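Trainee: This is the content of coords33.cif (mmCIF, C-alpha atoms; chains and numbers go by the auth columns):
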```
data_structure
#
loop_
_atom_site.group_PDB
_atom_site.id
_atom_site.type_symbol
_atom_site.label_atom_id
_atom_site.label_comp_id
_atom_site.label_asym_id
_atom_site.label_seq_id
_atom_site.Cartn_x
_atom_site.Cartn_y
_atom_site.Cartn_z
_atom_site.B_iso_or_equiv
_atom_site.auth_seq_id
_atom_site.auth_asym_id
ATOM 1 C CA GLY A 1 97.976 -85.515 -0.158 0.00 115 B
ATOM 2 C CA GLY A 2 94.864 -84.819 1.875 0.00 116 B
ATOM 3 C CA PHE A 3 91.856 -82.646 1.304 0.00 117 B
ATOM 4 C CA SER A 4 91.863 -78.934 1.882 0.00 118 B
ATOM 5 C CA VAL A 5 89.036 -76.986 3.505 0.00 119 B
ATOM 6 C CA SER A 6 87.427 -76.573 0.090 0.00 120 B
ATOM 7 C CA GLY A 7 87.378 -80.340 -0.356 0.00 121 B
ATOM 8 C CA GLN A 8 89.849 -80.297 -3.231 0.00 122 B
ATOM 9 C CA GLU A 9 92.888 -82.467 -3.071 0.00 123 B
ATOM 10 C CA SER A 10 95.879 -80.606 -1.736 0.00 124 B
ATOM 11 C CA SER A 11 99.442 -81.203 -2.828 0.00 125 B
ATOM 12 C CA SER A 12 102.521 -81.218 -0.659 0.00 126 B
ATOM 13 C CA GLN A 13 103.630 -77.923 -2.222 0.00 127 B
ATOM 14 C CA THR A 14 101.963 -74.578 -1.645 0.00 128 B
ATOM 15 C CA ASP A 15 101.523 -71.702 -4.052 0.00 129 B
ATOM 16 C CA GLY A 16 102.134 -69.057 -1.410 0.00 130 B
ATOM 17 C CA PRO A 17 102.165 -68.398 2.308 0.00 131 B
ATOM 18 C CA GLU A 18 100.150 -70.782 4.454 0.00 132 B
ATOM 19 C CA GLN A 19 96.745 -69.431 5.376 0.00 133 B
ATOM 20 C CA THR A 20 95.825 -69.837 9.002 0.00 134 B
ATOM 21 C CA SER A 21 92.237 -68.576 9.013 0.00 135 B
ATOM 22 C CA ASP A 22 90.743 -71.961 9.969 0.00 136 B
ATOM 23 C CA ASP A 23 91.549 -71.723 13.691 0.00 137 B
ATOM 24 C CA SER A 24 95.222 -71.196 12.846 0.00 138 B
ATOM 25 C CA TRP A 25 95.642 -74.818 11.841 0.00 139 B
ATOM 26 C CA SER A 26 97.374 -74.440 8.486 0.00 140 B
ATOM 27 C CA SER A 27 97.242 -76.850 5.582 0.00 141 B
ATOM 28 C CA ALA A 28 100.822 -77.840 6.355 0.00 142 B
ATOM 29 C CA SER A 29 99.871 -78.635 9.960 0.00 143 B
ATOM 30 C CA ARG A 30 96.997 -80.809 8.734 0.00 144 B
ATOM 31 C CA ARG A 31 99.320 -82.661 6.362 0.00 145 B
ATOM 32 C CA GLU A 32 101.866 -83.234 9.134 0.00 146 B
ATOM 33 C CA ALA A 33 99.092 -84.483 11.420 0.00 147 B
ATOM 34 C CA GLY A 34 98.062 -87.209 9.030 0.00 148 B
ATOM 35 C CA GLY A 35 97.043 -86.013 5.620 0.00 149 B
ATOM 36 C CA GLY A 36 94.210 -83.526 6.049 0.00 150 B
ATOM 37 C CA PHE A 37 90.525 -84.192 5.902 0.00 151 B
ATOM 38 C CA SER A 38 89.440 -87.757 5.274 0.00 152 B
ATOM 39 C CA VAL A 39 86.039 -89.052 4.309 0.00 153 B
ATOM 40 C CA SER A 40 85.416 -89.729 7.994 0.00 154 B
ATOM 41 C CA GLY A 41 86.357 -86.089 8.668 0.00 155 B
ATOM 42 C CA LYS A 42 83.742 -84.942 6.169 0.00 156 B
ATOM 43 C CA ALA A 43 81.192 -87.294 7.729 0.00 157 B
ATOM 44 C CA ALA A 44 82.004 -85.822 11.145 0.00 158 B
ATOM 45 C CA GLY A 45 81.505 -82.342 9.664 0.00 159 B
ATOM 46 C CA VAL A 46 78.111 -83.291 8.252 0.00 160 B
ATOM 47 C CA LEU A 47 77.127 -84.886 11.561 0.00 161 B
ATOM 48 C CA SER A 48 78.187 -81.722 13.350 0.00 162 B
ATOM 49 C CA ALA A 49 76.108 -79.572 10.976 0.00 163 B
ATOM 50 C CA VAL A 50 73.060 -81.811 11.470 0.00 164 B
ATOM 51 C CA SER A 51 73.604 -81.538 15.225 0.00 165 B
ATOM 52 C CA VAL A 52 73.531 -77.739 14.918 0.00 166 B
ATOM 53 C CA GLY A 53 70.113 -78.023 13.268 0.00 167 B
ATOM 54 C CA PHE A 54 68.857 -80.434 15.906 0.00 168 B
ATOM 55 C CA PHE A 55 70.096 -78.482 18.921 0.00 169 B
ATOM 56 C CA GLY A 56 69.301 -75.087 17.404 0.00 170 B
ATOM 57 C CA GLY A 57 65.778 -76.182 16.508 0.00 171 B
ATOM 58 C CA SER A 58 65.238 -77.608 19.975 0.00 172 B
ATOM 59 C CA VAL A 59 66.689 -74.748 21.995 0.00 173 B
ATOM 60 C CA LEU A 60 63.365 -73.561 23.414 0.00 174 B
ATOM 61 C CA VAL A 61 61.775 -76.995 23.891 0.00 175 B
ATOM 62 C CA PRO A 62 62.814 -77.170 27.584 0.00 176 B
ATOM 63 C CA ALA A 63 60.907 -73.920 28.122 0.00 177 B
ATOM 64 C CA GLY A 64 57.711 -75.907 27.526 0.00 178 B
ATOM 65 C CA TYR A 65 58.256 -77.520 30.937 0.00 179 B
ATOM 66 C CA VAL A 66 58.402 -74.193 32.764 0.00 180 B
ATOM 67 C CA PRO A 67 55.189 -72.933 34.425 0.00 181 B
ATOM 68 C CA GLU A 68 53.293 -70.517 32.165 0.00 182 B
ATOM 69 C CA ARG A 69 53.727 -67.594 34.574 0.00 183 B
ATOM 70 C CA LEU A 70 57.515 -67.873 34.159 0.00 184 B
ATOM 71 C CA HIS A 71 57.564 -67.945 30.339 0.00 185 B
ATOM 72 C CA GLY A 72 58.881 -65.176 28.139 0.00 186 B
ATOM 73 C CA LEU A 73 61.714 -62.893 29.096 0.00 187 B
ATOM 74 C CA ARG A 74 61.880 -64.405 32.579 0.00 188 B
ATOM 75 C CA LEU A 75 63.671 -67.332 30.936 0.00 189 B
ATOM 76 C CA ILE A 76 66.493 -65.221 29.504 0.00 190 B
ATOM 77 C CA PRO A 77 68.794 -65.058 32.577 0.00 191 B
ATOM 78 C CA SER A 78 68.739 -68.843 32.999 0.00 192 B
ATOM 79 C CA PHE A 79 69.128 -69.306 29.257 0.00 193 B
ATOM 80 C CA GLY A 80 72.180 -67.029 29.273 0.00 194 B
ATOM 81 C CA ILE A 81 73.738 -68.752 32.286 0.00 195 B
ATOM 82 C CA GLY A 82 73.228 -72.165 30.680 0.00 196 B
ATOM 83 C CA ALA A 83 74.724 -70.996 27.377 0.00 197 B
ATOM 84 C CA ALA A 84 77.705 -69.423 29.162 0.00 198 B
ATOM 85 C CA CYS A 85 78.394 -72.511 31.294 0.00 199 B
ATOM 86 C CA VAL A 86 78.109 -75.055 28.490 0.00 200 B
ATOM 87 C CA GLY A 87 79.926 -72.837 25.984 0.00 201 B
ATOM 88 C CA THR A 88 82.790 -72.308 28.410 0.00 202 B
ATOM 89 C CA ALA A 89 83.000 -76.023 29.244 0.00 203 B
ATOM 90 C CA VAL A 90 82.969 -77.146 25.601 0.00 204 B
ATOM 91 C CA GLY A 91 85.397 -74.414 24.544 0.00 205 B
ATOM 92 C CA SER A 92 87.764 -75.265 27.393 0.00 206 B
ATOM 93 C CA LEU A 93 87.718 -78.981 26.598 0.00 207 B
ATOM 94 C CA TYR A 94 88.356 -78.269 22.922 0.00 208 B
ATOM 95 C CA TRP A 95 91.221 -75.957 23.817 0.00 209 B
ATOM 96 C CA LEU A 96 92.814 -78.233 26.419 0.00 210 B
ATOM 97 C CA ILE A 97 92.404 -81.584 24.657 0.00 211 B
ATOM 98 C CA TRP A 98 92.441 -80.972 20.918 0.00 212 B
ATOM 99 C CA ARG A 99 93.956 -77.542 20.373 0.00 213 B
ATOM 100 C CA PRO A 100 96.381 -76.472 23.117 0.00 214 B
ATOM 101 C CA ASP A 101 98.137 -74.346 20.475 0.00 215 B
ATOM 102 C CA LEU A 102 95.201 -71.894 20.606 0.00 216 B
ATOM 103 C CA ARG A 103 96.702 -70.346 23.746 0.00 217 B
ATOM 104 C CA LYS A 104 98.591 -67.844 21.568 0.00 218 B
ATOM 105 C CA GLU A 105 95.365 -66.922 19.742 0.00 219 B
ATOM 106 C CA ILE A 106 93.530 -65.726 22.866 0.00 220 B
ATOM 107 C CA ARG A 107 94.117 -61.998 22.460 0.00 221 B
ATOM 108 C CA PRO A 108 91.973 -59.071 23.680 0.00 222 B
ATOM 109 C CA GLU A 109 90.527 -58.370 20.220 0.00 223 B
ATOM 110 C CA VAL A 110 89.573 -62.039 19.787 0.00 224 B
ATOM 111 C CA VAL A 111 87.818 -62.091 23.158 0.00 225 B
ATOM 112 C CA ARG A 112 86.098 -58.756 22.416 0.00 226 B
ATOM 113 C CA ASN A 113 84.818 -59.860 19.008 0.00 227 B
ATOM 114 C CA ALA A 114 83.699 -63.244 20.325 0.00 228 B
ATOM 115 C CA MET A 115 81.777 -61.531 23.135 0.00 229 B
ATOM 116 C CA CYS A 116 80.142 -59.191 20.594 0.00 230 B
ATOM 117 C CA ALA A 117 79.148 -62.210 18.492 0.00 231 B
ATOM 118 C CA GLY A 118 77.616 -63.823 21.582 0.00 232 B
ATOM 119 C CA VAL A 119 75.636 -60.649 22.327 0.00 233 B
ATOM 120 C CA VAL A 120 74.279 -60.506 18.768 0.00 234 B
ATOM 121 C CA TRP A 121 73.389 -64.228 18.871 0.00 235 B
ATOM 122 C CA ASN A 122 71.574 -63.826 22.180 0.00 236 B
ATOM 123 C CA LEU A 123 69.672 -60.763 20.928 0.00 237 B
ATOM 124 C CA GLY A 124 68.228 -63.079 18.285 0.00 238 B
ATOM 125 C CA ASN A 125 67.223 -65.554 20.980 0.00 239 B
ATOM 126 C CA ILE A 126 65.583 -62.773 23.008 0.00 240 B
ATOM 127 C CA CYS A 127 63.593 -61.698 19.947 0.00 241 B
ATOM 128 C CA GLN A 128 62.554 -65.323 19.444 0.00 242 B
ATOM 129 C CA VAL A 129 61.281 -65.539 23.037 0.00 243 B
ATOM 130 C CA ILE A 130 59.400 -62.242 22.620 0.00 244 B
ATOM 131 C CA ALA A 131 57.823 -63.426 19.368 0.00 245 B
ATOM 132 C CA GLN A 132 56.550 -66.594 21.014 0.00 246 B
ATOM 133 C CA GLY A 133 55.695 -65.128 24.421 0.00 247 B
ATOM 134 C CA ARG A 134 54.426 -61.583 24.032 0.00 248 B
ATOM 135 C CA PHE A 135 53.085 -61.917 20.493 0.00 249 B
ATOM 136 C CA LYS A 136 51.912 -65.541 20.881 0.00 250 B
ATOM 137 C CA LEU A 137 53.489 -66.772 17.643 0.00 251 B
ATOM 138 C CA SER A 138 53.395 -70.560 17.716 0.00 252 B
ATOM 139 C CA TYR A 139 56.643 -72.521 17.822 0.00 253 B
ATOM 140 C CA GLY A 140 55.786 -74.040 14.435 0.00 254 B
ATOM 141 C CA ILE A 141 55.796 -70.561 12.870 0.00 255 B
ATOM 142 C CA ALA A 142 58.291 -68.601 14.946 0.00 256 B
ATOM 143 C CA TYR A 143 61.150 -71.056 14.892 0.00 257 B
ATOM 144 C CA PRO A 144 61.188 -71.748 11.160 0.00 258 B
ATOM 145 C CA ILE A 145 61.140 -67.986 10.549 0.00 259 B
ATOM 146 C CA LEU A 146 64.295 -67.828 12.661 0.00 260 B
ATOM 147 C CA GLN A 147 65.954 -69.583 9.740 0.00 261 B
ATOM 148 C CA CYS A 148 66.122 -66.154 8.119 0.00 262 B
ATOM 149 C CA ALA A 149 69.530 -66.285 9.781 0.00 263 B
ATOM 150 C CA LEU A 150 70.566 -68.302 6.709 0.00 264 B
ATOM 151 C CA LEU A 151 69.524 -65.425 4.483 0.00 265 B
ATOM 152 C CA PHE A 152 71.330 -62.762 6.485 0.00 266 B
ATOM 153 C CA SER A 153 74.516 -64.778 6.960 0.00 267 B
ATOM 154 C CA GLY A 154 74.543 -65.349 3.198 0.00 268 B
ATOM 155 C CA LEU A 155 74.084 -61.633 2.551 0.00 269 B
ATOM 156 C CA TRP A 156 76.956 -60.796 4.904 0.00 270 B
ATOM 157 C CA GLY A 157 79.166 -63.408 3.236 0.00 271 B
ATOM 158 C CA ILE A 158 78.392 -62.303 -0.312 0.00 272 B
ATOM 159 C CA TYR A 159 78.122 -58.529 -0.073 0.00 273 B
ATOM 160 C CA PHE A 160 80.220 -57.526 2.944 0.00 274 B
ATOM 161 C CA PHE A 161 82.954 -60.145 3.345 0.00 275 B
ATOM 162 C CA ARG A 162 83.085 -60.988 -0.388 0.00 276 B
ATOM 163 C CA GLU A 163 83.430 -64.698 0.386 0.00 277 B
ATOM 164 C CA VAL A 164 81.426 -65.588 -2.721 0.00 278 B
ATOM 165 C CA THR A 165 81.981 -63.736 -5.997 0.00 279 B
ATOM 166 C CA HIS A 166 81.023 -66.365 -8.586 0.00 280 B
ATOM 167 C CA GLY A 167 77.876 -65.128 -10.374 0.00 281 B
ATOM 168 C CA PRO A 168 76.101 -68.503 -10.760 0.00 282 B
ATOM 169 C CA THR A 169 76.724 -69.283 -7.078 0.00 283 B
ATOM 170 C CA ILE A 170 75.184 -65.962 -6.052 0.00 284 B
ATOM 171 C CA LEU A 171 72.237 -66.686 -8.339 0.00 285 B
ATOM 172 C CA ALA A 172 71.787 -70.083 -6.669 0.00 286 B
ATOM 173 C CA PHE A 173 71.872 -68.329 -3.273 0.00 287 B
ATOM 174 C CA TRP A 174 69.075 -65.983 -4.353 0.00 288 B
ATOM 175 C CA ALA A 175 67.033 -68.903 -5.708 0.00 289 B
ATOM 176 C CA GLY A 176 67.323 -70.605 -2.311 0.00 290 B
ATOM 177 C CA ALA A 177 66.579 -67.321 -0.519 0.00 291 B
ATOM 178 C CA SER A 178 63.407 -66.972 -2.590 0.00 292 B
ATOM 179 C CA VAL A 179 62.257 -70.437 -1.503 0.00 293 B
ATOM 180 C CA LEU A 180 62.992 -69.484 2.120 0.00 294 B
ATOM 181 C CA LEU A 181 61.014 -66.247 1.866 0.00 295 B
ATOM 182 C CA VAL A 182 58.056 -67.951 0.190 0.00 296 B
ATOM 183 C CA GLY A 183 58.099 -70.576 2.951 0.00 297 B
ATOM 184 C CA ILE A 184 58.058 -67.871 5.617 0.00 298 B
ATOM 185 C CA VAL A 185 55.074 -66.163 3.995 0.00 299 B
ATOM 186 C CA LEU A 186 53.207 -69.475 3.683 0.00 300 B
ATOM 187 C CA LEU A 187 53.958 -70.348 7.309 0.00 301 B
ATOM 188 C CA GLY A 188 52.658 -66.973 8.400 0.00 302 B
ATOM 189 C CA LEU A 189 49.465 -67.396 6.403 0.00 303 B
ATOM 190 C CA PHE A 190 48.704 -71.079 6.922 0.00 304 B
ATOM 191 C CA GLY A 191 50.999 -72.376 9.679 0.00 305 B
ATOM 192 C CA PRO A 192 49.978 -73.584 13.136 0.00 306 B
ATOM 193 C CA GLY A 193 47.898 -70.996 14.953 0.00 307 B
ATOM 194 C CA ALA A 194 47.674 -68.712 11.877 0.00 308 B
#
```
Please lay out the structure from this file as structure tokens.
Mentor:
Amino acid sequence: GGFSVSGQESSSQTDGPEQTSDDSWSSASRREAGGGFSVSGKAAGVLSAVSVGFFGGSVLVPAGYVPERLHGLRLIPSFGIGAACVGTAVGSLYWLIWRPDLRKEIRPEVVRNAMCAGVVWNLGNICQVIAQGRFKLSYGIAYPILQCALLFSGLWGIYFFREVTHGPTILAFWAGASVLLVGIVLLGLFGPGA
């Protein structure tokens, strides 16, 4: 057998109905397609996660090449257009090349919720631009503080969606959250431009 999403070895038998929450590609589909996640699949996942950190942490770097008089909220329309164009292109390629079966998953509620998620994500980016532009927070302080997203996504996962219920795991989350919060305070007090 292959590896399931949790990384545990899966057997060829299931204990109940197939779950399709991971982009509707069930465990059975993964087994039929060649045995599930391999080590190279996990490596690709880690590379993808590192890429998120790289691209996410560099998202406002191009703004440094824009004339000062055009900084701040004047960047938002272009930022939004760029995000929409690239997101549409990448999503379309993924859909057409790797997952043509997603056609049946494009329903009005999926589109609505995805658009709402995009709005919330971009509100965070707008706040980031305001923090750096209007309030002159340096990149070295403002962008690391943006990593509070980790804290809030963890809170949503634990307390709203109930994705994590194991006590020691929640305790480990709060230990990490404490380190994050201490880092934010230290950055604010002693970081660049403080």
Trainee: So that I can see what lies close to B:Gly247, please list as a PyMOL selection string the residues with an atom at most 12 Å from it, counting all atoms listed in the file and leaving out residues fewer than 2 positions away in the same chain.
Mentor: chain B and resi 174+177-178+182-190+240-245+249-253+256
Trainee: If I take atom CA of B:Leu295 and atom CA of B:Ser267, how far is one from the other in Å, to one decimal?
Mentor: 14.5 Å
Trainee: Kindly extract all protein, DNA and RNA residues lying within 12 Å of the coordinates (53.4, -66.3, 7.4) given in the file, considering all atoms listed in the file, and supply them as a PyMOL selection string.
Mentor: chain B and resi 251-252+254-259+294-308
Trainee: Go ahead and compute the interatomic distance for atom CA of B:Pro176 and atom CA of B:Phe193, in Å to one decimal.
Mentor: 10.2 Å
Trainee: Can you tell me how far atom CA of B:Ser172 sits from atom CA of B:Cys199, in Å to one decimal?
Mentor: 18.1 Å
Trainee: Using the chain letters and residue numbers of this document, give as a PyMOL selection string the residues selected by the PyMOL selection byres ((chain B and resi 286-288) around 12).
Mentor: chain B and resi 264-269+271-272+278-285+289-295
